$ cat start33.tsv   # TSV, N, CA, C and O atoms
chain	number	residue	atom	x	y	z
A	1	MET	N	12.91	3.00	8.95
A	1	MET	CA	12.08	2.76	7.78
A	1	MET	C	12.10	4.01	6.89
A	1	MET	O	11.73	5.08	7.32
A	2	GLN	N	12.56	3.84	5.65
A	2	GLN	CA	12.58	4.93	4.69
A	2	GLN	C	11.37	4.82	3.76
A	2	GLN	O	11.05	3.72	3.29
A	3	LEU	N	10.73	5.95	3.51
A	3	LEU	CA	9.59	5.99	2.61
A	3	LEU	C	10.00	6.63	1.30
A	3	LEU	O	10.78	7.58	1.28
A	4	ILE	N	9.47	6.10	0.21
A	4	ILE	CA	9.75	6.62	-1.13
A	4	ILE	C	8.45	7.18	-1.70
A	4	ILE	O	7.42	6.49	-1.70
A	5	ASN	N	8.51	8.38	-2.23
A	5	ASN	CA	7.35	9.00	-2.87
A	5	ASN	C	7.17	8.37	-4.24
A	5	ASN	O	8.07	8.40	-5.08
A	6	ILE	N	5.99	7.79	-4.48
A	6	ILE	CA	5.71	7.17	-5.78
A	6	ILE	C	4.73	8.01	-6.60
A	6	ILE	O	4.14	7.53	-7.56
A	7	GLY	N	4.57	9.25	-6.20
A	7	GLY	CA	3.72	10.16	-6.95
A	7	GLY	C	2.45	10.52	-6.21
A	7	GLY	O	1.89	9.70	-5.49
A	8	PHE	N	2.04	11.79	-6.34
A	8	PHE	CA	0.81	12.32	-5.77
A	8	PHE	C	0.75	12.16	-4.26
A	8	PHE	O	-0.31	11.94	-3.68
A	9	GLY	N	1.90	12.22	-3.61
A	9	GLY	CA	1.95	12.13	-2.16
A	9	GLY	C	1.86	10.72	-1.61
A	9	GLY	O	1.81	10.54	-0.40
A	10	ASN	N	1.83	9.73	-2.47
A	10	ASN	CA	1.79	8.34	-2.02
A	10	ASN	C	3.19	7.85	-1.72
A	10	ASN	O	4.13	8.14	-2.45
A	11	MET	N	3.33	7.10	-0.64
A	11	MET	CA	4.63	6.62	-0.20
A	11	MET	C	4.62	5.10	-0.01
A	11	MET	O	3.59	4.54	0.34
A	12	ILE	N	5.80	4.50	-0.24
A	12	ILE	CA	5.97	3.08	0.05
A	12	ILE	C	7.23	2.91	0.89
A	12	ILE	O	8.12	3.74	0.86
A	13	SER	N	7.29	1.81	1.61
A	13	SER	CA	8.46	1.52	2.42
A	13	SER	C	9.54	0.90	1.55
A	13	SER	O	9.32	-0.11	0.87
A	14	SER	N	10.73	1.50	1.58
A	14	SER	CA	11.82	1.00	0.74
A	14	SER	C	12.29	-0.38	1.19
A	14	SER	O	12.78	-1.16	0.37
A	15	SER	N	12.11	-0.71	2.46
A	15	SER	CA	12.56	-2.02	2.95
A	15	SER	C	11.66	-3.15	2.47
A	15	SER	O	12.06	-4.32	2.52
A	16	ARG	N	10.46	-2.85	2.01
A	16	ARG	CA	9.52	-3.88	1.55
A	16	ARG	C	9.50	-4.03	0.02
A	16	ARG	O	8.84	-4.88	-0.53
A	17	LEU	N	10.28	-3.18	-0.66
A	17	LEU	CA	10.31	-3.13	-2.12
A	17	LEU	C	11.14	-4.28	-2.69
A	17	LEU	O	12.24	-4.54	-2.23
A	18	ILE	N	10.58	-4.97	-3.68
A	18	ILE	CA	11.31	-6.04	-4.36
A	18	ILE	C	11.75	-5.58	-5.74
A	18	ILE	O	12.92	-5.73	-6.11
A	19	ALA	N	10.83	-5.00	-6.54
A	19	ALA	CA	11.17	-4.64	-7.91
A	19	ALA	C	10.33	-3.45	-8.37
A	19	ALA	O	9.21	-3.24	-7.91
A	20	ILE	N	10.92	-2.70	-9.31
A	20	ILE	CA	10.22	-1.62	-10.00
A	20	ILE	C	10.35	-1.92	-11.48
A	20	ILE	O	11.46	-1.96	-12.01
A	21	VAL	N	9.24	-2.19	-12.15
A	21	VAL	CA	9.29	-2.62	-13.55
A	21	VAL	C	8.33	-1.80	-14.41
A	21	VAL	O	7.41	-1.17	-13.91
A	22	SER	N	8.57	-1.85	-15.70
A	22	SER	CA	7.71	-1.20	-16.67
A	22	SER	C	6.49	-2.09	-16.94
A	22	SER	O	6.61	-3.31	-16.96
A	23	PRO	N	5.33	-1.51	-17.18
A	23	PRO	CA	4.11	-2.31	-17.35
A	23	PRO	C	3.86	-2.82	-18.76
A	23	PRO	O	2.80	-3.38	-19.04
A	24	GLU	N	4.84	-2.68	-19.65
A	24	GLU	CA	4.62	-2.96	-21.07
A	24	GLU	C	4.52	-4.45	-21.43
A	24	GLU	O	3.79	-4.81	-22.32
A	25	SER	N	5.27	-5.31	-20.77
A	25	SER	CA	5.36	-6.71	-21.20
A	25	SER	C	4.14	-7.53	-20.79
A	25	SER	O	3.46	-7.22	-19.81
A	26	ALA	N	3.91	-8.60	-21.52
A	26	ALA	CA	2.78	-9.48	-21.25
A	26	ALA	C	2.87	-10.13	-19.86
A	26	ALA	O	1.85	-10.21	-19.16
A	27	PRO	N	4.05	-10.60	-19.42
A	27	PRO	CA	4.10	-11.18	-18.08
A	27	PRO	C	3.74	-10.19	-16.97
A	27	PRO	O	3.07	-10.56	-16.00
A	28	ILE	N	4.12	-8.95	-17.11
A	28	ILE	CA	3.78	-7.93	-16.10
A	28	ILE	C	2.29	-7.65	-16.14
A	28	ILE	O	1.65	-7.50	-15.10
A	29	LYS	N	1.72	-7.60	-17.34
A	29	LYS	CA	0.27	-7.41	-17.46
A	29	LYS	C	-0.48	-8.56	-16.79
A	29	LYS	O	-1.51	-8.35	-16.16
A	30	ARG	N	0.06	-9.76	-16.91
A	30	ARG	CA	-0.53	-10.94	-16.26
A	30	ARG	C	-0.44	-10.81	-14.73
A	30	ARG	O	-1.40	-11.10	-14.02
A	31	ILE	N	0.70	-10.36	-14.24
A	31	ILE	CA	0.88	-10.16	-12.80
A	31	ILE	C	-0.12	-9.14	-12.27
A	31	ILE	O	-0.72	-9.33	-11.21
A	32	ILE	N	-0.33	-8.06	-13.04
A	32	ILE	CA	-1.29	-7.02	-12.64
A	32	ILE	C	-2.69	-7.61	-12.57
A	32	ILE	O	-3.43	-7.39	-11.61
A	33	GLN	N	-3.07	-8.39	-13.58
A	33	GLN	CA	-4.41	-8.98	-13.61
A	33	GLN	C	-4.60	-9.96	-12.46
A	33	GLN	O	-5.66	-9.99	-11.82
A	34	GLU	N	-3.58	-10.77	-12.18
A	34	GLU	CA	-3.67	-11.73	-11.07
A	34	GLU	C	-3.81	-11.00	-9.74
A	34	GLU	O	-4.58	-11.43	-8.87
A	35	ALA	N	-3.09	-9.91	-9.56
A	35	ALA	CA	-3.18	-9.13	-8.32
A	35	ALA	C	-4.58	-8.51	-8.19
A	35	ALA	O	-5.14	-8.46	-7.09
A	36	LYS	N	-5.12	-8.05	-9.31
A	36	LYS	CA	-6.47	-7.48	-9.30
A	36	LYS	C	-7.48	-8.54	-8.87
A	36	LYS	O	-8.35	-8.29	-8.03
A	37	ASP	N	-7.32	-9.75	-9.41
A	37	ASP	CA	-8.23	-10.85	-9.06
A	37	ASP	C	-8.11	-11.25	-7.59
A	37	ASP	O	-9.11	-11.59	-6.95
A	38	LYS	N	-6.88	-11.23	-7.06
A	38	LYS	CA	-6.64	-11.61	-5.66
A	38	LYS	C	-6.95	-10.49	-4.68
A	38	LYS	O	-7.03	-10.73	-3.48
A	39	GLY	N	-7.09	-9.27	-5.18
A	39	GLY	CA	-7.35	-8.13	-4.30
A	39	GLY	C	-6.09	-7.55	-3.69
A	39	GLY	O	-6.16	-6.86	-2.67
A	40	THR	N	-4.94	-7.79	-4.31
A	40	THR	CA	-3.68	-7.26	-3.78
A	40	THR	C	-3.10	-6.16	-4.67
A	40	THR	O	-1.95	-5.80	-4.51
A	41	LEU	N	-3.91	-5.61	-5.57
A	41	LEU	CA	-3.48	-4.52	-6.45
A	41	LEU	C	-3.80	-3.19	-5.80
A	41	LEU	O	-4.91	-2.98	-5.30
A	42	ILE	N	-2.82	-2.29	-5.77
A	42	ILE	CA	-3.02	-0.94	-5.27
A	42	ILE	C	-2.75	0.02	-6.42
A	42	ILE	O	-1.64	0.07	-6.93
A	43	ASP	N	-3.78	0.74	-6.82
A	43	ASP	CA	-3.66	1.68	-7.95
A	43	ASP	C	-3.41	3.08	-7.40
A	43	ASP	O	-4.31	3.71	-6.85
A	44	ALA	N	-2.18	3.56	-7.55
A	44	ALA	CA	-1.81	4.89	-7.07
A	44	ALA	C	-1.58	5.85	-8.24
A	44	ALA	O	-0.81	6.80	-8.13
A	45	THR	N	-2.26	5.60	-9.36
A	45	THR	CA	-2.07	6.41	-10.56
A	45	THR	C	-2.99	7.63	-10.62
A	45	THR	O	-2.77	8.51	-11.45
A	46	TYR	N	-4.01	7.66	-9.79
A	46	TYR	CA	-5.00	8.74	-9.81
A	46	TYR	C	-5.61	8.91	-11.20
A	46	TYR	O	-5.82	10.01	-11.68
A	47	GLY	N	-5.86	7.80	-11.88
A	47	GLY	CA	-6.50	7.83	-13.18
A	47	GLY	C	-5.58	8.10	-14.35
A	47	GLY	O	-6.01	8.13	-15.49
A	48	ARG	N	-4.32	8.27	-14.08
A	48	ARG	CA	-3.36	8.51	-15.16
A	48	ARG	C	-2.80	7.20	-15.68
A	48	ARG	O	-3.05	6.14	-15.12
A	49	ARG	N	-2.02	7.29	-16.73
A	49	ARG	CA	-1.42	6.11	-17.34
A	49	ARG	C	-0.41	5.46	-16.40
A	49	ARG	O	0.40	6.15	-15.77
A	50	THR	N	-0.43	4.14	-16.30
A	50	THR	CA	0.53	3.41	-15.47
A	50	THR	C	1.88	3.40	-16.16
A	50	THR	O	2.00	2.97	-17.30
A	51	ARG	N	2.90	3.88	-15.47
A	51	ARG	CA	4.25	3.90	-16.02
A	51	ARG	C	5.22	3.03	-15.26
A	51	ARG	O	6.25	2.65	-15.78
A	52	ALA	N	4.87	2.70	-14.00
A	52	ALA	CA	5.74	1.82	-13.20
A	52	ALA	C	4.86	0.86	-12.41
A	52	ALA	O	3.80	1.23	-11.91
A	53	VAL	N	5.33	-0.38	-12.32
A	53	VAL	CA	4.69	-1.40	-11.51
A	53	VAL	C	5.67	-1.75	-10.41
A	53	VAL	O	6.82	-2.11	-10.68
A	54	ILE	N	5.22	-1.62	-9.17
A	54	ILE	CA	6.10	-1.84	-8.03
A	54	ILE	C	5.66	-3.12	-7.34
A	54	ILE	O	4.49	-3.27	-6.96
A	55	VAL	N	6.60	-4.05	-7.18
A	55	VAL	CA	6.33	-5.34	-6.55
A	55	VAL	C	6.85	-5.28	-5.12
A	55	VAL	O	8.01	-4.95	-4.90
A	56	MET	N	5.97	-5.59	-4.17
A	56	MET	CA	6.33	-5.56	-2.76
A	56	MET	C	6.49	-6.98	-2.21
A	56	MET	O	5.96	-7.93	-2.79
A	57	ASP	N	7.19	-7.11	-1.09
A	57	ASP	CA	7.42	-8.44	-0.51
A	57	ASP	C	6.16	-9.04	0.11
A	57	ASP	O	6.12	-10.22	0.42
A	58	SER	N	5.11	-8.27	0.25
A	58	SER	CA	3.84	-8.75	0.80
A	58	SER	C	2.91	-9.27	-0.30
A	58	SER	O	1.73	-9.50	-0.04
A	59	ASP	N	3.43	-9.44	-1.52
A	59	ASP	CA	2.67	-9.86	-2.70
A	59	ASP	C	1.71	-8.78	-3.21
A	59	ASP	O	0.87	-9.06	-4.04
A	60	HIS	N	1.84	-7.56	-2.70
A	60	HIS	CA	1.05	-6.46	-3.24
A	60	HIS	C	1.75	-5.92	-4.49
A	60	HIS	O	2.97	-5.91	-4.57
A	61	ILE	N	0.94	-5.51	-5.44
A	61	ILE	CA	1.42	-4.88	-6.67
A	61	ILE	C	0.88	-3.46	-6.67
A	61	ILE	O	-0.32	-3.24	-6.50
A	62	ILE	N	1.77	-2.48	-6.84
A	62	ILE	CA	1.38	-1.08	-6.79
A	62	ILE	C	1.62	-0.45	-8.16
A	62	ILE	O	2.70	-0.62	-8.73
A	63	LEU	N	0.61	0.22	-8.67
A	63	LEU	CA	0.72	0.92	-9.95
A	63	LEU	C	1.02	2.39	-9.68
A	63	LEU	O	0.37	3.02	-8.84
A	64	SER	N	2.00	2.93	-10.39
A	64	SER	CA	2.38	4.33	-10.23
A	64	SER	C	2.39	5.02	-11.59
A	64	SER	O	2.68	4.40	-12.61
A	65	ALA	N	2.10	6.32	-11.58
A	65	ALA	CA	2.07	7.10	-12.81
A	65	ALA	C	3.41	7.75	-13.12
A	65	ALA	O	3.51	8.51	-14.08
A	66	ILE	N	4.44	7.47	-12.33
A	66	ILE	CA	5.76	8.03	-12.63
A	66	ILE	C	6.67	6.94	-13.17
A	66	ILE	O	6.45	5.75	-12.94
A	67	GLN	N	7.69	7.34	-13.91
A	67	GLN	CA	8.59	6.41	-14.57
A	67	GLN	C	9.36	5.54	-13.56
A	67	GLN	O	9.69	6.04	-12.48
A	68	PRO	N	9.68	4.29	-13.93
A	68	PRO	CA	10.49	3.44	-13.04
A	68	PRO	C	11.83	4.08	-12.68
A	68	PRO	O	12.30	3.95	-11.55
A	69	GLU	N	12.43	4.78	-13.63
A	69	GLU	CA	13.72	5.43	-13.38
A	69	GLU	C	13.59	6.51	-12.31
A	69	GLU	O	14.50	6.71	-11.50
A	70	THR	N	12.46	7.20	-12.30
A	70	THR	CA	12.23	8.25	-11.31
A	70	THR	C	12.09	7.64	-9.92
A	70	THR	O	12.67	8.15	-8.96
A	71	VAL	N	11.33	6.55	-9.83
A	71	VAL	CA	11.17	5.87	-8.54
A	71	VAL	C	12.53	5.37	-8.05
A	71	VAL	O	12.89	5.55	-6.89
A	72	ALA	N	13.30	4.76	-8.95
A	72	ALA	CA	14.62	4.25	-8.58
A	72	ALA	C	15.53	5.39	-8.15
A	72	ALA	O	16.30	5.24	-7.19
A	73	GLY	N	15.46	6.52	-8.82
A	73	GLY	CA	16.26	7.68	-8.44
A	73	GLY	C	15.90	8.18	-7.06
A	73	GLY	O	16.78	8.55	-6.27
A	74	ARG	N	14.62	8.16	-6.74
A	74	ARG	CA	14.19	8.58	-5.40
A	74	ARG	C	14.67	7.59	-4.35
A	74	ARG	O	15.02	7.99	-3.24
A	75	LEU	N	14.70	6.33	-4.70
A	75	LEU	CA	15.22	5.30	-3.79
A	75	LEU	C	16.71	5.54	-3.54
A	75	LEU	O	17.17	5.51	-2.40
A	76	ASP	N	17.46	5.82	-4.60
A	76	ASP	CA	18.89	6.10	-4.46
A	76	ASP	C	19.13	7.34	-3.60
A	76	ASP	O	20.03	7.36	-2.76
A	77	ASN	N	18.32	8.38	-3.80
A	77	ASN	CA	18.46	9.60	-3.01
A	77	ASN	C	18.20	9.35	-1.53
A	77	ASN	O	18.89	9.89	-0.68
A	78	GLU	N	17.21	8.51	-1.23
A	78	GLU	CA	16.92	8.18	0.17
A	78	GLU	C	18.08	7.44	0.81
A	78	GLU	O	18.44	7.70	1.94
A	79	GLU	N	18.69	6.51	0.04
A	79	GLU	CA	19.82	5.74	0.58
A	79	GLU	C	21.02	6.64	0.81
A	79	GLU	O	21.74	6.49	1.79
A	80	GLU	N	21.27	7.60	-0.10
A	80	GLU	CA	22.37	8.54	0.06
A	80	GLU	C	22.17	9.43	1.29
A	80	GLU	O	23.09	9.69	2.05
A	81	ASP	N	20.92	9.88	1.49
A	81	ASP	CA	20.62	10.70	2.66
A	81	ASP	C	20.86	9.92	3.94
A	81	ASP	O	21.32	10.46	4.93
A	82	GLU	N	20.53	8.65	3.91
A	82	GLU	CA	20.73	7.78	5.07
A	82	GLU	C	22.21	7.62	5.38
A	82	GLU	O	22.62	7.62	6.53
A	83	ASP	N	23.04	7.52	4.34
A	83	ASP	CA	24.48	7.37	4.52
A	83	ASP	C	25.12	8.62	5.10
A	83	ASP	O	26.10	8.56	5.83
A	84	ASP	N	24.55	9.78	4.78
A	84	ASP	CA	25.09	11.06	5.25
A	84	ASP	C	24.91	11.23	6.76
A	84	ASP	O	25.64	11.96	7.39
A	85	GLU	N	23.89	10.57	7.30
A	85	GLU	CA	23.58	10.76	8.74
A	85	GLU	C	24.50	10.00	9.64
A	85	GLU	O	25.28	9.23	9.43

$ encode --input "start33.tsv" --output "C-alpha cells"
Amino acid sequence: MQLINIGFGNMISSSRLIAIVSPESAPIKRIIQEAKDKGTLIDATYGRRTRAVIVMDSDHIILSAIQPETVAGRLDNEEEDEDDE
C-alpha cells in the first residue's frame, strides 16, 4: 500500500484513488455538497482554499489545499519509487 501526501501531513492510499479534479466546475461542487450531506466529505484543507478534490473508491470525497497537478506528481513519484525496488 502506497500513501500519497495530500498536504499538511495528510495521506491517502494510492490504491483507493479514483480521480483528482479541480473544484471549479458546477458538477464537482454538486459532488462536494452531496458528500457533505451524506457525511462522506473529508476536509483536509486546514481552512485554506480548496484546490483539489480527490475521489476515492469508498465514495469518500477529500478536499485538499494543494494543486491537482502536485498530487498527481506525488502519485507518479511513488509509482517510480516502487518500480526502482

$ select_by_dssp --input "start33.tsv" --residues "chain A" --states "strand (DSSP E or B)" --output "MDAnalysis selection string"
chainID A and resid 3:7 10:13 17:21 41:44 52:56 61:64

$ closest_residue --input "start33.tsv" --among "A:Gln2, A:Thr70, A:Ser15, A:Gln33" --to "Met56 of chain A" --atoms "all atoms listed in the file"
A:Ser15

$ atom_distance --input "start33.tsv" --atom1 "atom CA of Ser14 of chain A" --atom2 "atom CA of Thr45 of chain A"
18.7 Å

$ atom_distance --input "start33.tsv" --atom1 "atom CA of Asn77 of chain A" --atom2 "atom CA of Ala44 of chain A"
21.2 Å

$ residues_around --input "start33.tsv" --residues "Gly47 of chain A" --least-positions-apart "4" --cutoff "12 Å" --atoms "only C-alpha atoms" --output "PyMOL selection string"
chain A and resi 8+43+51+63-65

$ closest_residue --input "start33.tsv" --among "A:Val21, A:Leu41, A:Ile12, A:Ile28" --to "Pro68 of chain A" --atoms "all atoms listed in the file"
A:Val21

$ axis_aligned_box --input "start33.tsv" --around "segment 37-41 of chain A" --padding-each-side "3 Å" --output "AutoDock Vina command-line options"
--center_x -5.5 --center_y -7.3 --center_z -6.0 --size_x 13.2 --size_y 14.6 --size_z 12.7

$ atom_distance --input "start33.tsv" --atom1 "atom CA of Lys36 of chain A" --atom2 "atom CA of Gly7 of chain A"
20.5 Å

$ closest_residue --input "start33.tsv" --among "A:Gln67, A:Asn10, A:Glu34, A:Ile61" --to "Arg49 of chain A" --atoms "only C-alpha atoms"
A:Gln67

$ closest_residue --input "start33.tsv" --among "A:Ser58, A:Thr50, A:Thr40, A:Met1" --to "Glu24 of chain A" --atoms "all atoms listed in the file"
A:Thr50

$ closest_residue --input "start33.tsv" --among "A:Ile42, A:Ala72, A:Met11, A:Val53" --to "Pro23 of chain A" --atoms "only N, CA, C and O atoms"
A:Val53

$ select_by_dssp --input "start33.tsv" --residues "segment 7-49 of chain A" --states "helix (DSSP H, G or I)" --output "PyMOL selection string"
chain A and resi 14-16+26-38

$ write_last_selection --input "start33.tsv" --atoms "N, CA, C and O atoms" --output "tab-separated table (two decimals), in the coordinates of the input"
chain	number	residue	atom	x	y	z
A	14	SER	N	10.73	1.50	1.58
A	14	SER	CA	11.82	1.00	0.74
A	14	SER	C	12.29	-0.38	1.19
A	14	SER	O	12.78	-1.16	0.37
A	15	SER	N	12.11	-0.71	2.46
A	15	SER	CA	12.56	-2.02	2.95
A	15	SER	C	11.66	-3.15	2.47
A	15	SER	O	12.06	-4.32	2.52
A	16	ARG	N	10.46	-2.85	2.01
A	16	ARG	CA	9.52	-3.88	1.55
A	16	ARG	C	9.50	-4.03	0.02
A	16	ARG	O	8.84	-4.88	-0.53
A	26	ALA	N	3.91	-8.60	-21.52
A	26	ALA	CA	2.78	-9.48	-21.25
A	26	ALA	C	2.87	-10.13	-19.86
A	26	ALA	O	1.85	-10.21	-19.16
A	27	PRO	N	4.05	-10.60	-19.42
A	27	PRO	CA	4.10	-11.18	-18.08
A	27	PRO	C	3.74	-10.19	-16.97
A	27	PRO	O	3.07	-10.56	-16.00
A	28	ILE	N	4.12	-8.95	-17.11
A	28	ILE	CA	3.78	-7.93	-16.10
A	28	ILE	C	2.29	-7.65	-16.14
A	28	ILE	O	1.65	-7.50	-15.10
A	29	LYS	N	1.72	-7.60	-17.34
A	29	LYS	CA	0.27	-7.41	-17.46
A	29	LYS	C	-0.48	-8.56	-16.79
A	29	LYS	O	-1.51	-8.35	-16.16
A	30	ARG	N	0.06	-9.76	-16.91
A	30	ARG	CA	-0.53	-10.94	-16.26
A	30	ARG	C	-0.44	-10.81	-14.73
A	30	ARG	O	-1.40	-11.10	-14.02
A	31	ILE	N	0.70	-10.36	-14.24
A	31	ILE	CA	0.88	-10.16	-12.80
A	31	ILE	C	-0.12	-9.14	-12.27
A	31	ILE	O	-0.72	-9.33	-11.21
A	32	ILE	N	-0.33	-8.06	-13.04
A	32	ILE	CA	-1.29	-7.02	-12.64
A	32	ILE	C	-2.69	-7.61	-12.57
A	32	ILE	O	-3.43	-7.39	-11.61
A	33	GLN	N	-3.07	-8.39	-13.58
A	33	GLN	CA	-4.41	-8.98	-13.61
A	33	GLN	C	-4.60	-9.96	-12.46
A	33	GLN	O	-5.66	-9.99	-11.82
A	34	GLU	N	-3.58	-10.77	-12.18
A	34	GLU	CA	-3.67	-11.73	-11.07
A	34	GLU	C	-3.81	-11.00	-9.74
A	34	GLU	O	-4.58	-11.43	-8.87
A	35	ALA	N	-3.09	-9.91	-9.56
A	35	ALA	CA	-3.18	-9.13	-8.32
A	35	ALA	C	-4.58	-8.51	-8.19
A	35	ALA	O	-5.14	-8.46	-7.09
A	36	LYS	N	-5.12	-8.05	-9.31
A	36	LYS	CA	-6.47	-7.48	-9.30
A	36	LYS	C	-7.48	-8.54	-8.87
A	36	LYS	O	-8.35	-8.29	-8.03
A	37	ASP	N	-7.32	-9.75	-9.41
A	37	ASP	CA	-8.23	-10.85	-9.06
A	37	ASP	C	-8.11	-11.25	-7.59
A	37	ASP	O	-9.11	-11.59	-6.95
A	38	LYS	N	-6.88	-11.23	-7.06
A	38	LYS	CA	-6.64	-11.61	-5.66
A	38	LYS	C	-6.95	-10.49	-4.68
A	38	LYS	O	-7.03	-10.73	-3.48

$ residues_around --input "start33.tsv" --residues "Leu75 of chain A" --least-positions-apart "5" --cutoff "7 Å" --atoms "all atoms listed in the file" --output "PyMOL selection string"
chain A and resi 4-5+69-70+80-81

$ write_last_selection --input "start33.tsv" --atoms "N, CA, C and O atoms" --output "PDB file, keeping the file's coordinate frame"
ATOM      1  N   ILE A   4       9.470   6.100   0.210  1.00  0.00           N
ATOM      2  CA  ILE A   4       9.750   6.620  -1.130  1.00  0.00           C
ATOM      3  C   ILE A   4       8.450   7.180  -1.700  1.00  0.00           C
ATOM      4  O   ILE A   4       7.420   6.490  -1.700  1.00  0.00           O
ATOM      5  N   ASN A   5       8.510   8.380  -2.230  1.00  0.00           N
ATOM      6  CA  ASN A   5       7.350   9.000  -2.870  1.00  0.00           C
ATOM      7  C   ASN A   5       7.170   8.370  -4.240  1.00  0.00           C
ATOM      8  O   ASN A   5       8.070   8.400  -5.080  1.00  0.00           O
ATOM      9  N   GLU A  69      12.430   4.780 -13.630  1.00  0.00           N
ATOM     10  CA  GLU A  69      13.720   5.430 -13.380  1.00  0.00           C
ATOM     11  C   GLU A  69      13.590   6.510 -12.310  1.00  0.00           C
ATOM     12  O   GLU A  69      14.500   6.710 -11.500  1.00  0.00           O
ATOM     13  N   THR A  70      12.460   7.200 -12.300  1.00  0.00           N
ATOM     14  CA  THR A  70      12.230   8.250 -11.310  1.00  0.00           C
ATOM     15  C   THR A  70      12.090   7.640  -9.920  1.00  0.00           C
ATOM     16  O   THR A  70      12.670   8.150  -8.960  1.00  0.00           O
ATOM     17  N   GLU A  80      21.270   7.600  -0.100  1.00  0.00           N
ATOM     18  CA  GLU A  80      22.370   8.540   0.060  1.00  0.00           C
ATOM     19  C   GLU A  80      22.170   9.430   1.290  1.00  0.00           C
ATOM     20  O   GLU A  80      23.090   9.690   2.050  1.00  0.00           O
ATOM     21  N   ASP A  81      20.920   9.880   1.490  1.00  0.00           N
ATOM     22  CA  ASP A  81      20.620  10.700   2.660  1.00  0.00           C
ATOM     23  C   ASP A  81      20.860   9.920   3.940  1.00  0.00           C
ATOM     24  O   ASP A  81      21.320  10.460   4.930  1.00  0.00           O
TER      25      ASP A  81
END
